[in-house]
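Participant: See start.pdb below, with PDB, C-alpha atoms and all ligand atoms.
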MODEL        1
ATOM      1  CA  MET A 653     -92.531 -11.910 -20.157  1.00  0.00           C
ATOM      2  CA  GLN A 654     -88.775 -11.790 -19.777  1.00  0.00           C
ATOM      3  CA  LYS A 655     -86.911 -14.352 -21.839  1.00  0.00           C
ATOM      4  CA  GLY A 656     -85.270 -17.171 -19.870  1.00  0.00           C
ATOM      5  CA  ARG A 657     -81.521 -17.482 -19.483  1.00  0.00           C
ATOM      6  CA  PHE A 658     -79.340 -20.290 -20.750  1.00  0.00           C
ATOM      7  CA  ILE A 659     -76.558 -21.631 -18.496  1.00  0.00           C
ATOM      8  CA  VAL A 660     -74.213 -24.368 -19.720  1.00  0.00           C
ATOM      9  CA  VAL A 661     -71.697 -26.554 -17.881  1.00  0.00           C
ATOM     10  CA  GLU A 662     -68.764 -27.795 -19.972  1.00  0.00           C
ATOM     11  CA  GLY A 663     -65.606 -29.824 -19.511  1.00  0.00           C
ATOM     12  CA  LEU A 664     -63.708 -33.006 -20.292  1.00  0.00           C
ATOM     13  CA  GLU A 665     -64.828 -36.387 -18.964  1.00  0.00           C
ATOM     14  CA  GLY A 666     -64.056 -36.653 -15.258  1.00  0.00           C
ATOM     15  CA  ALA A 667     -64.019 -32.869 -14.757  1.00  0.00           C
ATOM     16  CA  GLY A 668     -66.903 -33.070 -12.271  1.00  0.00           C
ATOM     17  CA  LYS A 669     -69.746 -31.827 -14.474  1.00  0.00           C
ATOM     18  CA  THR A 670     -72.377 -33.808 -12.584  1.00  0.00           C
ATOM     19  CA  SER A 671     -71.618 -32.244  -9.227  1.00  0.00           C
ATOM     20  CA  ALA A 672     -71.226 -28.800 -10.848  1.00  0.00           C
ATOM     21  CA  ILE A 673     -74.696 -29.187 -12.368  1.00  0.00           C
ATOM     22  CA  GLN A 674     -76.131 -30.109  -8.971  1.00  0.00           C
ATOM     23  CA  THR A 675     -74.579 -26.945  -7.540  1.00  0.00           C
ATOM     24  CA  VAL A 676     -76.159 -24.801 -10.271  1.00  0.00           C
ATOM     25  CA  GLN A 677     -79.527 -26.558  -9.787  1.00  0.00           C
ATOM     26  CA  HIS A 678     -79.396 -25.822  -6.084  1.00  0.00           C
ATOM     27  CA  TRP A 679     -78.545 -22.164  -6.786  1.00  0.00           C
ATOM     28  CA  LEU A 680     -81.474 -21.850  -9.210  1.00  0.00           C
ATOM     29  CA  GLU A 681     -83.839 -23.419  -6.679  1.00  0.00           C
ATOM     30  CA  GLN A 682     -82.629 -21.035  -3.969  1.00  0.00           C
ATOM     31  CA  HIS A 683     -83.382 -18.134  -6.299  1.00  0.00           C
ATOM     32  CA  GLN A 684     -86.804 -19.649  -7.076  1.00  0.00           C
ATOM     33  CA  ILE A 685     -86.026 -19.666 -10.775  1.00  0.00           C
ATOM     34  CA  ASP A 686     -88.120 -21.995 -12.938  1.00  0.00           C
ATOM     35  CA  PHE A 687     -85.789 -24.041 -15.148  1.00  0.00           C
ATOM     36  CA  ILE A 688     -85.416 -27.174 -17.231  1.00  0.00           C
ATOM     37  CA  SER A 689     -82.310 -29.362 -17.463  1.00  0.00           C
ATOM     38  CA  THR A 690     -80.900 -30.713 -20.717  1.00  0.00           C
ATOM     39  CA  ARG A 691     -77.911 -32.746 -21.791  1.00  0.00           C
ATOM     40  CA  GLU A 692     -76.059 -33.028 -25.082  1.00  0.00           C
ATOM     41  CA  PRO A 693     -75.985 -35.043 -27.128  1.00  0.00           C
ATOM     42  CA  GLY A 694     -79.468 -36.013 -25.959  1.00  0.00           C
ATOM     43  CA  GLY A 695     -82.314 -34.444 -24.050  1.00  0.00           C
ATOM     44  CA  THR A 696     -85.157 -35.590 -26.336  1.00  0.00           C
ATOM     45  CA  PRO A 697     -86.117 -39.170 -27.286  1.00  0.00           C
ATOM     46  CA  LEU A 698     -84.610 -38.841 -30.784  1.00  0.00           C
ATOM     47  CA  ALA A 699     -81.501 -37.013 -29.574  1.00  0.00           C
ATOM     48  CA  GLU A 700     -80.987 -39.688 -26.890  1.00  0.00           C
ATOM     49  CA  GLN A 701     -80.951 -42.293 -29.666  1.00  0.00           C
ATOM     50  CA  ILE A 702     -78.262 -40.267 -31.451  1.00  0.00           C
ATOM     51  CA  ARG A 703     -76.351 -40.137 -28.144  1.00  0.00           C
ATOM     52  CA  THR A 704     -76.413 -43.940 -27.965  1.00  0.00           C
ATOM     53  CA  LEU A 705     -75.169 -44.158 -31.556  1.00  0.00           C
ATOM     54  CA  VAL A 706     -72.255 -41.752 -31.095  1.00  0.00           C
ATOM     55  CA  LYS A 707     -71.149 -43.382 -27.854  1.00  0.00           C
ATOM     56  CA  GLN A 708     -71.350 -46.952 -29.147  1.00  0.00           C
ATOM     57  CA  VAL A 709     -68.195 -48.589 -30.438  1.00  0.00           C
ATOM     58  CA  GLN A 710     -68.886 -49.140 -34.171  1.00  0.00           C
ATOM     59  CA  ASP A 711     -67.585 -51.850 -36.545  1.00  0.00           C
ATOM     60  CA  GLU A 712     -66.635 -49.128 -38.992  1.00  0.00           C
ATOM     61  CA  GLN A 713     -64.469 -46.032 -38.756  1.00  0.00           C
ATOM     62  CA  VAL A 714     -66.672 -43.045 -37.863  1.00  0.00           C
ATOM     63  CA  ALA A 715     -65.585 -40.057 -39.964  1.00  0.00           C
ATOM     64  CA  PRO A 716     -65.027 -36.914 -37.859  1.00  0.00           C
ATOM     65  CA  GLU A 717     -67.453 -35.056 -40.118  1.00  0.00           C
ATOM     66  CA  THR A 718     -70.141 -37.699 -39.467  1.00  0.00           C
ATOM     67  CA  GLU A 719     -69.593 -37.335 -35.736  1.00  0.00           C
ATOM     68  CA  LEU A 720     -69.882 -33.555 -36.036  1.00  0.00           C
ATOM     69  CA  LEU A 721     -73.150 -33.788 -37.978  1.00  0.00           C
ATOM     70  CA  LEU A 722     -74.620 -36.263 -35.505  1.00  0.00           C
ATOM     71  CA  MET A 723     -73.797 -33.887 -32.635  1.00  0.00           C
ATOM     72  CA  TYR A 724     -75.486 -31.024 -34.460  1.00  0.00           C
ATOM     73  CA  ALA A 725     -78.464 -33.153 -35.504  1.00  0.00           C
ATOM     74  CA  ALA A 726     -79.054 -34.000 -31.847  1.00  0.00           C
ATOM     75  CA  ARG A 727     -78.543 -30.334 -30.919  1.00  0.00           C
ATOM     76  CA  MET A 728     -81.007 -29.086 -33.528  1.00  0.00           C
ATOM     77  CA  GLN A 729     -83.706 -31.414 -32.222  1.00  0.00           C
ATOM     78  CA  LEU A 730     -83.066 -30.340 -28.633  1.00  0.00           C
ATOM     79  CA  VAL A 731     -83.003 -26.631 -29.496  1.00  0.00           C
ATOM     80  CA  LYS A 732     -86.231 -26.778 -31.506  1.00  0.00           C
ATOM     81  CA  SER A 733     -88.204 -29.017 -29.203  1.00  0.00           C
ATOM     82  CA  ARG A 734     -87.031 -27.920 -25.750  1.00  0.00           C
ATOM     83  CA  ILE A 735     -84.496 -25.086 -25.458  1.00  0.00           C
ATOM     84  CA  GLU A 736     -86.155 -22.444 -27.625  1.00  0.00           C
ATOM     85  CA  PRO A 737     -89.693 -23.065 -26.312  1.00  0.00           C
ATOM     86  CA  ALA A 738     -88.478 -22.927 -22.694  1.00  0.00           C
ATOM     87  CA  LEU A 739     -86.537 -19.693 -23.156  1.00  0.00           C
ATOM     88  CA  ALA A 740     -89.462 -18.116 -24.991  1.00  0.00           C
ATOM     89  CA  GLN A 741     -91.741 -18.925 -22.048  1.00  0.00           C
ATOM     90  CA  GLY A 742     -89.345 -17.330 -19.575  1.00  0.00           C
ATOM     91  CA  GLN A 743     -88.016 -20.625 -18.223  1.00  0.00           C
ATOM     92  CA  TRP A 744     -84.284 -20.933 -17.715  1.00  0.00           C
ATOM     93  CA  VAL A 745     -82.307 -23.755 -19.279  1.00  0.00           C
ATOM     94  CA  LEU A 746     -79.434 -25.572 -17.576  1.00  0.00           C
ATOM     95  CA  GLY A 747     -77.398 -27.487 -20.141  1.00  0.00           C
ATOM     96  CA  ASP A 748     -74.993 -30.353 -19.512  1.00  0.00           C
ATOM     97  CA  ARG A 749     -72.789 -29.475 -22.525  1.00  0.00           C
ATOM     98  CA  HIS A 750     -73.768 -27.502 -25.619  1.00  0.00           C
ATOM     99  CA  ASP A 751     -72.118 -26.116 -28.729  1.00  0.00           C
ATOM    100  CA  LEU A 752     -68.727 -25.472 -27.067  1.00  0.00           C
ATOM    101  CA  SER A 753     -68.295 -29.261 -26.795  1.00  0.00           C
ATOM    102  CA  SER A 754     -68.415 -29.602 -30.593  1.00  0.00           C
ATOM    103  CA  ARG A 755     -65.932 -26.784 -31.051  1.00  0.00           C
ATOM    104  CA  ALA A 756     -63.563 -28.381 -28.490  1.00  0.00           C
ATOM    105  CA  TYR A 757     -63.979 -32.121 -29.273  1.00  0.00           C
ATOM    106  CA  GLN A 758     -64.596 -32.046 -33.021  1.00  0.00           C
ATOM    107  CA  GLY A 759     -62.623 -28.836 -33.663  1.00  0.00           C
ATOM    108  CA  GLY A 760     -59.748 -29.455 -31.229  1.00  0.00           C
ATOM    109  CA  GLY A 761     -59.758 -33.222 -30.681  1.00  0.00           C
ATOM    110  CA  ARG A 762     -60.736 -34.287 -34.212  1.00  0.00           C
ATOM    111  CA  GLN A 763     -59.042 -31.270 -35.812  1.00  0.00           C
ATOM    112  CA  LEU A 764     -61.969 -30.357 -38.047  1.00  0.00           C
ATOM    113  CA  SER A 765     -61.713 -26.909 -39.588  1.00  0.00           C
ATOM    114  CA  GLU A 766     -63.213 -23.929 -37.864  1.00  0.00           C
ATOM    115  CA  SER A 767     -64.869 -22.863 -41.104  1.00  0.00           C
ATOM    116  CA  LEU A 768     -66.766 -26.169 -41.442  1.00  0.00           C
ATOM    117  CA  ILE A 769     -67.883 -26.037 -37.815  1.00  0.00           C
ATOM    118  CA  ASN A 770     -68.905 -22.394 -38.115  1.00  0.00           C
ATOM    119  CA  GLN A 771     -71.026 -23.050 -41.189  1.00  0.00           C
ATOM    120  CA  ILE A 772     -72.932 -25.851 -39.475  1.00  0.00           C
ATOM    121  CA  ARG A 773     -73.128 -23.911 -36.243  1.00  0.00           C
ATOM    122  CA  THR A 774     -74.687 -20.919 -37.983  1.00  0.00           C
ATOM    123  CA  ALA A 775     -77.160 -23.103 -39.865  1.00  0.00           C
ATOM    124  CA  VAL A 776     -78.256 -24.931 -36.697  1.00  0.00           C
ATOM    125  CA  LEU A 777     -78.072 -22.280 -33.999  1.00  0.00           C
ATOM    126  CA  GLY A 778     -78.439 -18.947 -35.750  1.00  0.00           C
ATOM    127  CA  SER A 779     -77.774 -16.413 -33.029  1.00  0.00           C
ATOM    128  CA  LEU A 780     -78.625 -18.695 -30.068  1.00  0.00           C
ATOM    129  CA  ARG A 781     -75.807 -18.552 -27.495  1.00  0.00           C
ATOM    130  CA  PRO A 782     -75.654 -19.494 -23.807  1.00  0.00           C
ATOM    131  CA  ASP A 783     -75.829 -16.506 -21.441  1.00  0.00           C
ATOM    132  CA  LEU A 784     -73.230 -18.107 -19.191  1.00  0.00           C
ATOM    133  CA  THR A 785     -70.907 -21.075 -19.665  1.00  0.00           C
ATOM    134  CA  LEU A 786     -69.057 -22.624 -16.731  1.00  0.00           C
ATOM    135  CA  TYR A 787     -66.030 -24.447 -18.101  1.00  0.00           C
ATOM    136  CA  LEU A 788     -64.437 -26.955 -15.693  1.00  0.00           C
ATOM    137  CA  ASP A 789     -60.797 -27.210 -16.657  1.00  0.00           C
ATOM    138  CA  ILE A 790     -59.017 -30.487 -15.859  1.00  0.00           C
ATOM    139  CA  ASP A 791     -55.811 -32.217 -16.955  1.00  0.00           C
ATOM    140  CA  PRO A 792     -57.126 -35.077 -19.139  1.00  0.00           C
ATOM    141  CA  ALA A 793     -54.813 -37.574 -17.416  1.00  0.00           C
ATOM    142  CA  ILE A 794     -56.682 -36.882 -14.158  1.00  0.00           C
ATOM    143  CA  GLY A 795     -60.118 -36.655 -15.784  1.00  0.00           C
ATOM    144  CA  LEU A 796     -59.726 -39.912 -17.702  1.00  0.00           C
ATOM    145  CA  ALA A 797     -58.541 -41.759 -14.612  1.00  0.00           C
ATOM    146  CA  ARG A 798     -61.737 -40.613 -12.864  1.00  0.00           C
ATOM    147  CA  ALA A 799     -63.866 -41.652 -15.867  1.00  0.00           C
ATOM    148  CA  ARG A 800     -62.121 -45.022 -16.026  1.00  0.00           C
ATOM    149  CA  ALA A 801     -62.833 -45.623 -12.334  1.00  0.00           C
ATOM    150  CA  ARG A 802     -66.568 -45.183 -13.113  1.00  0.00           C
ATOM    151  CA  GLY A 803     -66.614 -48.149 -15.504  1.00  0.00           C
ATOM    152  CA  GLU A 804     -66.284 -49.094 -19.133  1.00  0.00           C
ATOM    153  CA  LEU A 805     -65.209 -46.383 -21.558  1.00  0.00           C
ATOM    154  CA  ASP A 806     -67.386 -45.434 -24.547  1.00  0.00           C
ATOM    155  CA  ARG A 807     -66.153 -44.862 -28.126  1.00  0.00           C
ATOM    156  CA  ILE A 808     -65.018 -41.274 -27.514  1.00  0.00           C
ATOM    157  CA  GLU A 809     -63.567 -41.982 -24.072  1.00  0.00           C
ATOM    158  CA  GLN A 810     -61.389 -44.676 -25.672  1.00  0.00           C
ATOM    159  CA  GLU A 811     -59.456 -42.021 -27.615  1.00  0.00           C
ATOM    160  CA  GLN A 812     -55.755 -41.414 -26.973  1.00  0.00           C
ATOM    161  CA  LEU A 813     -54.607 -38.900 -24.383  1.00  0.00           C
ATOM    162  CA  ALA A 814     -53.400 -36.590 -27.205  1.00  0.00           C
ATOM    163  CA  PHE A 815     -57.026 -36.273 -28.426  1.00  0.00           C
ATOM    164  CA  PHE A 816     -58.122 -34.971 -25.026  1.00  0.00           C
ATOM    165  CA  GLN A 817     -55.085 -32.713 -24.762  1.00  0.00           C
ATOM    166  CA  ARG A 818     -56.098 -31.075 -28.056  1.00  0.00           C
ATOM    167  CA  THR A 819     -59.708 -30.862 -26.834  1.00  0.00           C
ATOM    168  CA  ARG A 820     -58.605 -29.184 -23.609  1.00  0.00           C
ATOM    169  CA  ALA A 821     -56.332 -26.752 -25.476  1.00  0.00           C
ATOM    170  CA  LYS A 822     -59.282 -25.719 -27.680  1.00  0.00           C
ATOM    171  CA  TYR A 823     -61.568 -25.300 -24.655  1.00  0.00           C
ATOM    172  CA  GLN A 824     -58.934 -23.100 -22.981  1.00  0.00           C
ATOM    173  CA  GLN A 825     -58.311 -21.066 -26.124  1.00  0.00           C
ATOM    174  CA  ILE A 826     -62.004 -20.326 -26.626  1.00  0.00           C
ATOM    175  CA  ALA A 827     -62.542 -19.618 -22.907  1.00  0.00           C
ATOM    176  CA  ASN A 828     -59.687 -17.088 -23.015  1.00  0.00           C
ATOM    177  CA  GLU A 829     -60.866 -15.404 -26.202  1.00  0.00           C
ATOM    178  CA  GLU A 830     -64.605 -15.173 -25.727  1.00  0.00           C
ATOM    179  CA  THR A 831     -66.805 -13.467 -23.186  1.00  0.00           C
ATOM    180  CA  GLY A 832     -69.474 -15.303 -21.211  1.00  0.00           C
ATOM    181  CA  ILE A 833     -67.261 -18.301 -20.396  1.00  0.00           C
ATOM    182  CA  VAL A 834     -65.969 -18.688 -16.833  1.00  0.00           C
ATOM    183  CA  GLN A 835     -63.017 -21.046 -16.515  1.00  0.00           C
ATOM    184  CA  LEU A 836     -62.792 -22.963 -13.225  1.00  0.00           C
ATOM    185  CA  ASP A 837     -59.911 -25.096 -11.956  1.00  0.00           C
ATOM    186  CA  ALA A 838     -61.585 -28.503 -11.578  1.00  0.00           C
ATOM    187  CA  SER A 839     -58.512 -30.156 -10.034  1.00  0.00           C
ATOM    188  CA  GLN A 840     -59.356 -28.480  -6.714  1.00  0.00           C
ATOM    189  CA  PRO A 841     -61.350 -30.302  -4.011  1.00  0.00           C
ATOM    190  CA  MET A 842     -65.067 -30.492  -4.834  1.00  0.00           C
ATOM    191  CA  ALA A 843     -66.073 -28.034  -2.080  1.00  0.00           C
ATOM    192  CA  ALA A 844     -63.720 -25.385  -3.473  1.00  0.00           C
ATOM    193  CA  VAL A 845     -65.025 -25.878  -7.028  1.00  0.00           C
ATOM    194  CA  GLN A 846     -68.609 -25.588  -5.765  1.00  0.00           C
ATOM    195  CA  GLN A 847     -67.754 -22.375  -3.935  1.00  0.00           C
ATOM    196  CA  HIS A 848     -66.246 -20.908  -7.126  1.00  0.00           C
ATOM    197  CA  ILE A 849     -69.338 -21.889  -9.110  1.00  0.00           C
ATOM    198  CA  VAL A 850     -71.646 -20.138  -6.655  1.00  0.00           C
ATOM    199  CA  GLY A 851     -69.338 -17.085  -6.698  1.00  0.00           C
ATOM    200  CA  ALA A 852     -69.388 -16.981 -10.508  1.00  0.00           C
ATOM    201  CA  LEU A 853     -73.199 -17.330 -10.578  1.00  0.00           C
ATOM    202  CA  ASP A 854     -73.684 -14.596  -7.951  1.00  0.00           C
ATOM    203  CA  GLN A 855     -71.389 -12.192  -9.759  1.00  0.00           C
ATOM    204  CA  TRP A 856     -72.989 -12.824 -13.142  1.00  0.00           C
ATOM    205  CA  PHE A 857     -76.523 -12.582 -11.712  1.00  0.00           C
ATOM    206  CA  ALA A 858     -75.729  -9.282  -9.974  1.00  0.00           C
ATOM    207  CA  GLY A 859     -74.596  -7.924 -13.363  1.00  0.00           C
ATOM    208  CA  LEU A 860     -77.958  -8.898 -14.890  1.00  0.00           C
ATOM    209  CA  GLN A 861     -79.889  -6.884 -12.298  1.00  0.00           C
ATOM    210  CA  GLU A 862     -77.953  -3.632 -12.968  1.00  0.00           C
TER
HETATM  211  P1  LIG A 901     -70.864 -36.997 -21.391  1.00  0.00           P
HETATM  212  O1  LIG A 901     -71.576 -35.692 -21.485  1.00  0.00           O
HETATM  213  O2  LIG A 901     -71.563 -38.013 -20.590  1.00  0.00           O
HETATM  214  O3  LIG A 901     -69.448 -36.770 -21.000  1.00  0.00           O
HETATM  215  O4  LIG A 901     -70.833 -37.657 -22.855  1.00  0.00           O
HETATM  216  C1  LIG A 901     -70.833 -36.958 -24.025  1.00  0.00           C
HETATM  217  C2  LIG A 901     -69.663 -37.368 -24.901  1.00  0.00           C
HETATM  218  O5  LIG A 901     -69.845 -36.782 -26.203  1.00  0.00           O
HETATM  219  C3  LIG A 901     -68.324 -36.846 -24.394  1.00  0.00           C
HETATM  220  O6  LIG A 901     -67.307 -37.763 -24.726  1.00  0.00           O
HETATM  221  C4  LIG A 901     -68.128 -35.580 -25.197  1.00  0.00           C
HETATM  222  C5  LIG A 901     -68.773 -35.909 -26.503  1.00  0.00           C
HETATM  223  N1  LIG A 901     -69.314 -34.754 -27.245  1.00  0.00           N
HETATM  224  C6  LIG A 901     -68.682 -34.335 -28.405  1.00  0.00           C
HETATM  225  O7  LIG A 901     -67.682 -34.921 -28.809  1.00  0.00           O
HETATM  226  N2  LIG A 901     -69.205 -33.273 -29.087  1.00  0.00           N
HETATM  227  C7  LIG A 901     -70.332 -32.629 -28.682  1.00  0.00           C
HETATM  228  O8  LIG A 901     -70.768 -31.674 -29.340  1.00  0.00           O
HETATM  229  C8  LIG A 901     -70.980 -33.067 -27.476  1.00  0.00           C
HETATM  230  C9  LIG A 901     -72.207 -32.381 -27.002  1.00  0.00           C
HETATM  231  C10 LIG A 901     -70.433 -34.128 -26.793  1.00  0.00           C
ENDMDL
END
Any chance you could give the structure as structure tokens?
Facilitator:
Amino acid sequence: MQKGRFIVVEGLEGAGKTSAIQTVQHWLEQHQIDFISTREPGGTPLAEQIRTLVKQVQDEQVAPETELLLMYAARMQLVKSRIEPALAQGQWVLGDRHDLSSRAYQGGGRQLSESLINQIRTAVLGSLRPDLTLYLDIDPAIGLARARARGELDRIEQEQLAFFQRTRAKYQQIANEETGIVQLDASQPMAAVQQHIVGALDQWFAGLQE
């Protein structure tokens, strides 16, 4: 059986990930592709508990390294219990965030060293990589205003604008340097973003069939 494919949607808060994911889901359904959906941090009962912990405002300072390890602990559990088994069975996986989030938020935003992140990344993921990442690029001032309009901000969302500017810069840098990441302008109207997503999926899928 052919191995499943792994598609990930990435971006800052308020970039429109939820509607982008719905667009990808619809595309998968139209192509009659069997898939599971995941989110990070989270996606398993234990990883969802870690998600609650990292989002909660704590009475103590959370060290950036602790945050990084919690993200990767949640990721390990999700990879072992859901992502790897699904891909092995030929199911596709649609991820709401994955490893690129840690590289952007903890590497860019929290300014943790690339060498630390790479060591943990290698230990947790080995050679597992998404087949396609759709990165929704948004000015954090716009994204945060959208997130704020949705309700109360969690511990990470309460960070300063400069944190999100560093996170965005890291996302952009990696998207420009690496293959397999499609950068989309998420400041456009939703219909235009959706059209670009479908275009990117069609083009990538056609390449797979060759
Ligand atoms: P969200 O997916 O609902 O936006 O919430 C996830 C939050 O966790 C968001 O603020 C981004 C952050 N995050 C990291 O900082 N590093 C990570 O590796 C992941 C997966 C998420």
Participant: Evaluate the PyMOL selection byres (((not hetatm)) within 6 of (chain A and resi 901)) here and jot the selected residues down as an mmCIF file with C-alpha atoms, keeping the file's coordinate frame.
Facilitator:
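Output contents, as saved in result_30.cif:
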data_model
loop_
_atom_site.group_PDB
_atom_site.id
_atom_site.type_symbol
_atom_site.label_atom_id
_atom_site.label_comp_id
_atom_site.auth_asym_id
_atom_site.auth_seq_id
_atom_site.Cartn_x
_atom_site.Cartn_y
_atom_site.Cartn_z
ATOM 1 C CA GLU A 665 -64.828 -36.387 -18.964
ATOM 2 C CA GLU A 692 -76.059 -33.028 -25.082
ATOM 3 C CA PRO A 693 -75.985 -35.043 -27.128
ATOM 4 C CA MET A 723 -73.797 -33.887 -32.635
ATOM 5 C CA ARG A 749 -72.789 -29.475 -22.525
ATOM 6 C CA HIS A 750 -73.768 -27.502 -25.619
ATOM 7 C CA ASP A 751 -72.118 -26.116 -28.729
ATOM 8 C CA SER A 753 -68.295 -29.261 -26.795
ATOM 9 C CA SER A 754 -68.415 -29.602 -30.593
ATOM 10 C CA TYR A 757 -63.979 -32.121 -29.273
ATOM 11 C CA GLN A 758 -64.596 -32.046 -33.021
ATOM 12 C CA ILE A 808 -65.018 -41.274 -27.514
ATOM 13 C CA GLU A 809 -63.567 -41.982 -24.072
#
Participant: Mind giving me the straight-line distance from atom CA of His848 of chain A to atom CA of Gly761 of chain A in Å, one decimal?
Facilitator: 27.4 Å
Participant: Run the PyMOL selection byres (((chain A and resi 694-711) around 7) and not hetatm) mentally over the shown coordinates, then write out the matched residues as number ranges by chain, using the chain letters and numbers from the document.
Facilitator: A: 690-693, 712-713, 719, 722, 726, 729-730, 806-808
Participant: When you look at Gly851 of chain A with a cut-off of 12 Å (counting all atoms listed in the file), what residues show up, excluding the ones that are within fewer than 4 positions of it in the same chain? I need them as a list in words.
Facilitator: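 Counting only the stated atoms, we get Thr675, Val676, Trp679, Leu786, Val834, Leu836, Ala844, Val845, Gln846, Gln847, Gln855, Trp856, Phe857 and Ala858 of chain A.
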Participant: Please write as number ranges by chain the full residue list that the PyMOL selection byres (((chain A and resi 747) around 10) and not hetatm) yields on this file.
Facilitator: A: 658-662, 673, 688-692, 695, 735, 744-746, 748-750, 782, 785
Participant: When you count all atoms listed in the file, which of these residues is closest to Ala672 of chain A: A:Arg727, A:Ala797, A:Ser765, A:Met842?
Facilitator: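 Residue with the minimum atom-to-atom distance to Ala672 of chain A: A:Met842.
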Participant: List as an MDAnalysis selection string the protein and nucleic acid residues near Gln771 of chain A, meaning an atom at most 12 Å away when all atoms listed in the file are counted, but skip any in the same chain fewer than 4 places from it.
Facilitator: chainID A and resid 720:721 724 755 765:767 775:778
Participant: Write out as a PyMOL selection string which residues come within 8 Å of segment 822-827 of chain A when counting only C-alpha atoms, dropping same-chain ones fewer than 3 positions away.
Facilitator: chain A and resi 663+752+755-756+759-760+787+789+818-819+830-831+833-835
Participant: To one decimal place in Å, what is the distance between atom CA of Gln741 of chain A and atom CA of Asp783 of chain A?
Facilitator: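 These atoms are spaced 16.1 Å apart.
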Participant: Can you work out which one of A:Ala738, A:Ala793, A:Leu788, A:Val714 has the shortest atom-to-atom distance to Asp837 of chain A, counting all atoms listed in the file?
Facilitator: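 For Asp837 of chain A, the nearest of the candidates is A:Leu788.
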Participant: Nearest to Glu736 of chain A among A:Gly656, A:Gly859, A:Pro841, A:Gly832, with distances taken over all atoms listed in the file: which residue is it?
Facilitator: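 With all atoms listed in the file as the atom set, the closest residue is A:Gly656.
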Participant: Atom CA of Arg657 of chain A to atom CA of Ala740 of chain A: how many Å, to one decimal?
Facilitator: 9.7 Å
